[in-house]
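Undergrad: Dropping the structure in here first, questions after.
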Amino acid sequence: MNPLVLLDDSLASTATALASEYGFKVTTNLPEDEDFYLCLDLDGLSLKQGDQPRTSVRVDFTAGTNAHRLKFGGGLGQDIAKAIGITGAYKPSVVDATAGLGRDAFVLASLGCTVSAQERHPVVAALLADGLERAKQDPDTYLITQRIQLKFGASQDLLTPISDPALQPDVVYLDPMFAHEGKQQAQVKKEMQAFRNLIGQDIDADELLAKAIAHARCRVVVKRARKAEPMANQKPSFSLIGKANRFDVYAKAKVAPLTN
Ligand SMILES: C[S@@+](CC[C@H](N)C(=O)[O-])C[C@H]1O[C@@H](n2cnc3c(N)ncnc32)[C@H](O)[C@@H]1O
């Protein structure tokens, strides 16, 4: 059970609610080993590691990289927007089945998509929930958060086949954790290394592709390392290749509103 260290007594009820939702053990003592733990203080929830007190992972959509990406990320011209099929006229609904710290979900919601963000790791889901809650309090990000719904659970279970096309999401987006090597590994910031060490690799990721294809109405988009093999060795319909990443698109239908 992951420890949740409560650093401010006024947040005791929040800590209890988090503990019951995500299965954490609340304590007021800092751990003495090198294990990961969550920390709750007046700045919100953060992930820390016992032997690296200065490294901390927090989800903040109102500052830093997320805020920068919001302002200067390239709007509909960026690869992720093209891969999902967002246009000026149509903003598809998206299931982000590997939500992580919610950066991609937030970008998609900022471009007008409604996003169901699914995350199975309790620590990551709690960090994301905390970041979304704080972004709700900020007038610059409030409307974006209204388009994101977080679901805590495994996408293997959540991506069930849906027979009624009106209830299917337009797009399912997959971005599982993969091994980073050489130069890419060196470029990862300390905070992200901590996140990677906590999650490990999503070795069961290939299982998601067939389920995602059955679940989506229009397409499935998979984010991969630029030179990685396609997911489940299944050739995509087409790919968008960027500097570090590639988006593989498995097309089923034109991304457009459902017509009768
Ligand atoms: C590389 S991260 C995703 C990063 C995310 N796209 C972002 O922009 O922050 C992969 C995340 O997917 C989650 N994940 C992997 N497989 C999953 C599954 N089957 N169901 C739900 N979450 C999953 C992992 O726990 C991890 O947090």
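Letters A, B, ... go to the chains of the structure tokens in the order shown; residues in each chain start at 1; ligands are counted from 1 in the same order.
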Which polymer residues have any atom within 8 Å of an atom of region 211-225 of chain A, counting only C-alpha atoms, with same-chain residues fewer than 5 positions away left out, as a ChimeraX atom specification?
TA: /A:83-84,156,159-162,165,168-176,178,230-231,244-255
Undergrad: Within 7 Å of ligand 1, counting only C-alpha atoms and all ligand atoms: which residues, as an MDAnalysis selection string?
TA: chainID A and resid 97:105 118:121 124 153:156 175:177 199 202 205 208
Undergrad: Could you name the residues that touch Lys136 (chain A) at 12 Å or less, counting only C-alpha atoms, but leaving out those on the same chain fewer than 2 positions away, as an MDAnalysis selection string?
TA: chainID A and resid 60:62 129:134 138:148
Undergrad: Please report the interatomic distance between CA of Gly44 (chain A) and CA of Ser20 (chain A) in Å with one decimal.
TA: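 Here the two named atoms are 17.4 Å from each other.
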Undergrad: Dump as JSON lines the rows for residues of region 135-253 of chain A within 12 Å of region 22-41 of chain A: closest atom pair and distance in Å with one decimal, only C-alpha atoms counted, ordered by chain and rising residue number.
TA:
{"residue": "A:Lys151", "atom": "CA", "partner": "A:Tyr22", "partner_atom": "CA", "distance": 11.7}
{"residue": "A:Phe152", "atom": "CA", "partner": "A:Tyr22", "partner_atom": "CA", "distance": 8.5}
{"residue": "A:Gly153", "atom": "CA", "partner": "A:Tyr22", "partner_atom": "CA", "distance": 10.3}
{"residue": "A:Ala194", "atom": "CA", "partner": "A:Phe36", "partner_atom": "CA", "distance": 8.6}
{"residue": "A:Phe195", "atom": "CA", "partner": "A:Phe36", "partner_atom": "CA", "distance": 9.7}
{"residue": "A:Arg196", "atom": "CA", "partner": "A:Phe36", "partner_atom": "CA", "distance": 11.8}
{"residue": "A:Asn197", "atom": "CA", "partner": "A:Phe36", "partner_atom": "CA", "distance": 9.4}
{"residue": "A:Leu198", "atom": "CA", "partner": "A:Phe36", "partner_atom": "CA", "distance": 7.4}
{"residue": "A:Ile199", "atom": "CA", "partner": "A:Phe36", "partner_atom": "CA", "distance": 11.0}
Undergrad: Okay, now the selection with N, CA and C atoms, as a JSON list (two decimals), in the first residue's frame?
TA:
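Final output, selection-v4.json:
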[["chain", "number", "residue", "atom", "x", "y", "z"],
["A", 151, "LYS", "N", -11.17, 8.67, -15.03],
["A", 151, "LYS", "CA", -11.69, 7.38, -14.55],
["A", 151, "LYS", "C", -10.51, 6.58, -14.03],
["A", 152, "PHE", "N", -10.58, 6.15, -12.78],
["A", 152, "PHE", "CA", -9.52, 5.34, -12.18],
["A", 152, "PHE", "C", -9.82, 3.87, -12.45],
["A", 153, "GLY", "N", -8.99, 3.23, -13.27],
["A", 153, "GLY", "CA", -9.21, 1.83, -13.58],
["A", 153, "GLY", "C", -8.36, 1.38, -14.75],
["A", 194, "ALA", "N", 11.69, 9.87, -12.16],
["A", 194, "ALA", "CA", 11.02, 9.34, -10.96],
["A", 194, "ALA", "C", 9.68, 8.73, -11.37],
["A", 195, "PHE", "N", 8.94, 9.41, -12.24],
["A", 195, "PHE", "CA", 7.65, 8.92, -12.71],
["A", 195, "PHE", "C", 7.83, 7.57, -13.44],
["A", 196, "ARG", "N", 8.84, 7.53, -14.31],
["A", 196, "ARG", "CA", 9.12, 6.29, -15.05],
["A", 196, "ARG", "C", 9.50, 5.15, -14.12],
["A", 197, "ASN", "N", 10.32, 5.47, -13.09],
["A", 197, "ASN", "CA", 10.74, 4.42, -12.16],
["A", 197, "ASN", "C", 9.55, 3.88, -11.39],
["A", 198, "LEU", "N", 8.60, 4.75, -11.09],
["A", 198, "LEU", "CA", 7.41, 4.31, -10.35],
["A", 198, "LEU", "C", 6.55, 3.38, -11.20],
["A", 199, "ILE", "N", 6.31, 3.78, -12.46],
["A", 199, "ILE", "CA", 5.39, 3.04, -13.33],
["A", 199, "ILE", "C", 6.04, 1.79, -13.92]]
Undergrad: Would you mind listing what lies within 9 Å of Val115 (chain A) as a ChimeraX atom specification, with only C-alpha atoms counted and same-chain residues fewer than 4 positions away left out?
TA: /A:92-96,105-106,108-109,147-150
Undergrad: Just to be explicit: take each residue in the selection above, keep N, CA and C atoms, and write the result as a PDB file, in the first residue's frame.
TA:
ATOM      1  N   PRO A  92     -13.512  16.007 -31.943  1.00  0.00           N
ATOM      2  CA  PRO A  92     -13.954  14.652 -31.591  1.00  0.00           C
ATOM      3  C   PRO A  92     -13.934  14.370 -30.087  1.00  0.00           C
ATOM      4  N   SER A  93     -14.741  13.397 -29.699  1.00  0.00           N
ATOM      5  CA  SER A  93     -14.663  12.907 -28.317  1.00  0.00           C
ATOM      6  C   SER A  93     -13.549  11.865 -28.266  1.00  0.00           C
ATOM      7  N   VAL A  94     -12.777  11.897 -27.182  1.00  0.00           N
ATOM      8  CA  VAL A  94     -11.586  11.045 -27.103  1.00  0.00           C
ATOM      9  C   VAL A  94     -11.588  10.274 -25.787  1.00  0.00           C
ATOM     10  N   VAL A  95     -11.261   8.979 -25.858  1.00  0.00           N
ATOM     11  CA  VAL A  95     -10.908   8.240 -24.649  1.00  0.00           C
ATOM     12  C   VAL A  95      -9.385   8.161 -24.629  1.00  0.00           C
ATOM     13  N   ASP A  96      -8.775   8.776 -23.621  1.00  0.00           N
ATOM     14  CA  ASP A  96      -7.332   8.654 -23.431  1.00  0.00           C
ATOM     15  C   ASP A  96      -7.148   7.491 -22.461  1.00  0.00           C
ATOM     16  N   ALA A 105      -4.021  14.683 -22.510  1.00  0.00           N
ATOM     17  CA  ALA A 105      -5.474  14.879 -22.309  1.00  0.00           C
ATOM     18  C   ALA A 105      -5.775  16.366 -22.196  1.00  0.00           C
ATOM     19  N   PHE A 106      -4.919  17.085 -21.492  1.00  0.00           N
ATOM     20  CA  PHE A 106      -5.151  18.515 -21.285  1.00  0.00           C
ATOM     21  C   PHE A 106      -5.020  19.287 -22.597  1.00  0.00           C
ATOM     22  N   LEU A 108      -5.574  18.066 -25.604  1.00  0.00           N
ATOM     23  CA  LEU A 108      -6.744  17.741 -26.434  1.00  0.00           C
ATOM     24  C   LEU A 108      -7.984  18.498 -25.945  1.00  0.00           C
ATOM     25  N   ALA A 109      -8.156  18.567 -24.632  1.00  0.00           N
ATOM     26  CA  ALA A 109      -9.307  19.313 -24.095  1.00  0.00           C
ATOM     27  C   ALA A 109      -9.167  20.802 -24.390  1.00  0.00           C
ATOM     28  N   ARG A 147     -13.990  19.690 -19.636  1.00  0.00           N
ATOM     29  CA  ARG A 147     -14.085  18.717 -20.746  1.00  0.00           C
ATOM     30  C   ARG A 147     -13.365  17.410 -20.419  1.00  0.00           C
ATOM     31  N   ILE A 148     -12.732  17.341 -19.231  1.00  0.00           N
ATOM     32  CA  ILE A 148     -11.969  16.125 -18.895  1.00  0.00           C
ATOM     33  C   ILE A 148     -12.649  15.382 -17.751  1.00  0.00           C
ATOM     34  N   GLN A 149     -12.866  14.078 -17.982  1.00  0.00           N
ATOM     35  CA  GLN A 149     -13.417  13.257 -16.905  1.00  0.00           C
ATOM     36  C   GLN A 149     -12.403  12.154 -16.599  1.00  0.00           C
ATOM     37  N   LEU A 150     -11.969  12.095 -15.355  1.00  0.00           N
ATOM     38  CA  LEU A 150     -10.967  11.085 -14.972  1.00  0.00           C
ATOM     39  C   LEU A 150     -11.662   9.814 -14.499  1.00  0.00           C
TER      40      LEU A 150
END
Undergrad: Please return, as number ranges by chain, all residues of region 76-185 of chain A that DSSP assigns to helix (DSSP H, G or I) on the basis of the backbone.
TA: A: 76-77, 79-84, 103-110, 122-136, 142-145, 155-158, 165-167, 182-185
Undergrad: Identify which of the residues A:Gly242, A:Asn2, A:Thr259, A:Ala15 lies closest to Ile80 (chain A), counting only C-alpha atoms when measuring atom-to-atom distances.
TA: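 Between A:Gly242, A:Asn2, A:Thr259, A:Ala15, the residue approaching Ile80 (chain A) most closely is A:Gly242.
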Undergrad: How many Å lie between CA of Asp51 (chain A) and CA of Leu18 (chain A), rounded to one decimal?
TA: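 CA of Leu18 (chain A) lies at a distance of 24.3 Å from CA of Asp51 (chain A).
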Undergrad: Counting only C-alpha atoms, which residue out of A:Ala117, A:Arg58, A:Asn233, A:Ala256 sits closest to Leu158 (chain A)?
TA: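 The closest residue to Leu158 (chain A) is A:Ala117.
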Undergrad: Using only C-alpha atoms, can you tell me which of A:Leu209, A:Ala67, A:Val123, A:Ala228 comes closest to Ile241 (chain A)?
TA: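 Result for the nearest residue to Ile241 (chain A): A:Ala228.
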Undergrad: Enumerate, as a PyMOL selection string, the complete set of residues in region 10-255 of chain A that a backbone-based DSSP assignment places in strand (DSSP E).
TA: chain A and resi 25-27+36-41+44-49+52-57+93-96+114-119+148-152+171-174+219-225+238-241+245-251
Undergrad: Would you put the residues from that selection into a file with C-alpha atoms, as a PDB file, in the first residue's frame?
TA:
ATOM      1  CA  LYS A  25      -2.099   4.493   3.973  1.00  0.00           C
ATOM      2  CA  VAL A  26      -2.134   7.920   5.677  1.00  0.00           C
ATOM      3  CA  THR A  27       0.815   8.743   7.933  1.00  0.00           C
ATOM      4  CA  PHE A  36       8.253   6.453  -3.331  1.00  0.00           C
ATOM      5  CA  TYR A  37       5.616   8.212  -1.256  1.00  0.00           C
ATOM      6  CA  LEU A  38       2.914  10.812  -1.769  1.00  0.00           C
ATOM      7  CA  CYS A  39       3.016  14.058   0.122  1.00  0.00           C
ATOM      8  CA  LEU A  40      -0.037  16.234   0.833  1.00  0.00           C
ATOM      9  CA  ASP A  41       0.500  19.862   1.823  1.00  0.00           C
ATOM     10  CA  GLY A  44      -1.426  19.942  -3.244  1.00  0.00           C
ATOM     11  CA  LEU A  45      -0.296  16.371  -3.811  1.00  0.00           C
ATOM     12  CA  SER A  46       3.232  15.447  -4.910  1.00  0.00           C
ATOM     13  CA  LEU A  47       5.229  12.286  -5.484  1.00  0.00           C
ATOM     14  CA  LYS A  48       8.597  12.091  -3.764  1.00  0.00           C
ATOM     15  CA  GLN A  49      11.298   9.507  -3.256  1.00  0.00           C
ATOM     16  CA  GLN A  52      15.875  12.272  -3.287  1.00  0.00           C
ATOM     17  CA  PRO A  53      14.063  14.882  -1.187  1.00  0.00           C
ATOM     18  CA  ARG A  54      14.384  17.627  -3.811  1.00  0.00           C
ATOM     19  CA  THR A  55      12.812  15.691  -6.665  1.00  0.00           C
ATOM     20  CA  SER A  56       9.067  15.961  -6.664  1.00  0.00           C
ATOM     21  CA  VAL A  57       6.380  15.267  -9.267  1.00  0.00           C
ATOM     22  CA  SER A  93     -14.663  12.907 -28.317  1.00  0.00           C
ATOM     23  CA  VAL A  94     -11.586  11.045 -27.103  1.00  0.00           C
ATOM     24  CA  VAL A  95     -10.908   8.240 -24.649  1.00  0.00           C
ATOM     25  CA  ASP A  96      -7.332   8.654 -23.431  1.00  0.00           C
ATOM     26  CA  THR A 114     -14.132  16.059 -24.588  1.00  0.00           C
ATOM     27  CA  VAL A 115     -11.747  13.587 -22.983  1.00  0.00           C
ATOM     28  CA  SER A 116     -12.366  10.556 -20.816  1.00  0.00           C
ATOM     29  CA  ALA A 117      -8.975  10.070 -19.146  1.00  0.00           C
ATOM     30  CA  GLN A 118      -8.375   6.527 -17.869  1.00  0.00           C
ATOM     31  CA  GLU A 119      -5.487   5.737 -15.499  1.00  0.00           C
ATOM     32  CA  ILE A 148     -11.969  16.125 -18.895  1.00  0.00           C
ATOM     33  CA  GLN A 149     -13.417  13.257 -16.905  1.00  0.00           C
ATOM     34  CA  LEU A 150     -10.967  11.085 -14.972  1.00  0.00           C
ATOM     35  CA  LYS A 151     -11.687   7.377 -14.553  1.00  0.00           C
ATOM     36  CA  PHE A 152      -9.518   5.343 -12.180  1.00  0.00           C
ATOM     37  CA  VAL A 171     -11.185   8.298 -30.984  1.00  0.00           C
ATOM     38  CA  VAL A 172      -9.234   6.141 -28.534  1.00  0.00           C
ATOM     39  CA  TYR A 173      -5.733   7.446 -27.780  1.00  0.00           C
ATOM     40  CA  LEU A 174      -2.963   5.190 -26.425  1.00  0.00           C
ATOM     41  CA  ARG A 219      -9.948   5.817 -35.221  1.00  0.00           C
ATOM     42  CA  VAL A 220      -7.307   4.740 -32.732  1.00  0.00           C
ATOM     43  CA  VAL A 221      -4.158   6.809 -32.316  1.00  0.00           C
ATOM     44  CA  VAL A 222      -1.016   5.324 -30.745  1.00  0.00           C
ATOM     45  CA  LYS A 223       1.942   7.445 -29.662  1.00  0.00           C
ATOM     46  CA  ARG A 224       5.247   5.607 -30.113  1.00  0.00           C
ATOM     47  CA  ALA A 225       8.931   6.410 -29.986  1.00  0.00           C
ATOM     48  CA  PHE A 238      -0.784   6.030 -41.648  1.00  0.00           C
ATOM     49  CA  SER A 239       1.716   7.724 -39.329  1.00  0.00           C
ATOM     50  CA  LEU A 240       2.702  11.276 -38.424  1.00  0.00           C
ATOM     51  CA  ILE A 241       6.391  11.366 -37.639  1.00  0.00           C
ATOM     52  CA  ASN A 245       7.643  10.647 -31.395  1.00  0.00           C
ATOM     53  CA  ARG A 246       5.423   9.100 -33.990  1.00  0.00           C
ATOM     54  CA  PHE A 247       1.626   8.940 -34.020  1.00  0.00           C
ATOM     55  CA  ASP A 248       0.282   5.747 -35.627  1.00  0.00           C
ATOM     56  CA  VAL A 249      -3.308   6.094 -36.795  1.00  0.00           C
ATOM     57  CA  TYR A 250      -5.633   3.070 -37.176  1.00  0.00           C
ATOM     58  CA  ALA A 251      -8.522   4.435 -39.213  1.00  0.00           C
TER      59      ALA A 251
END
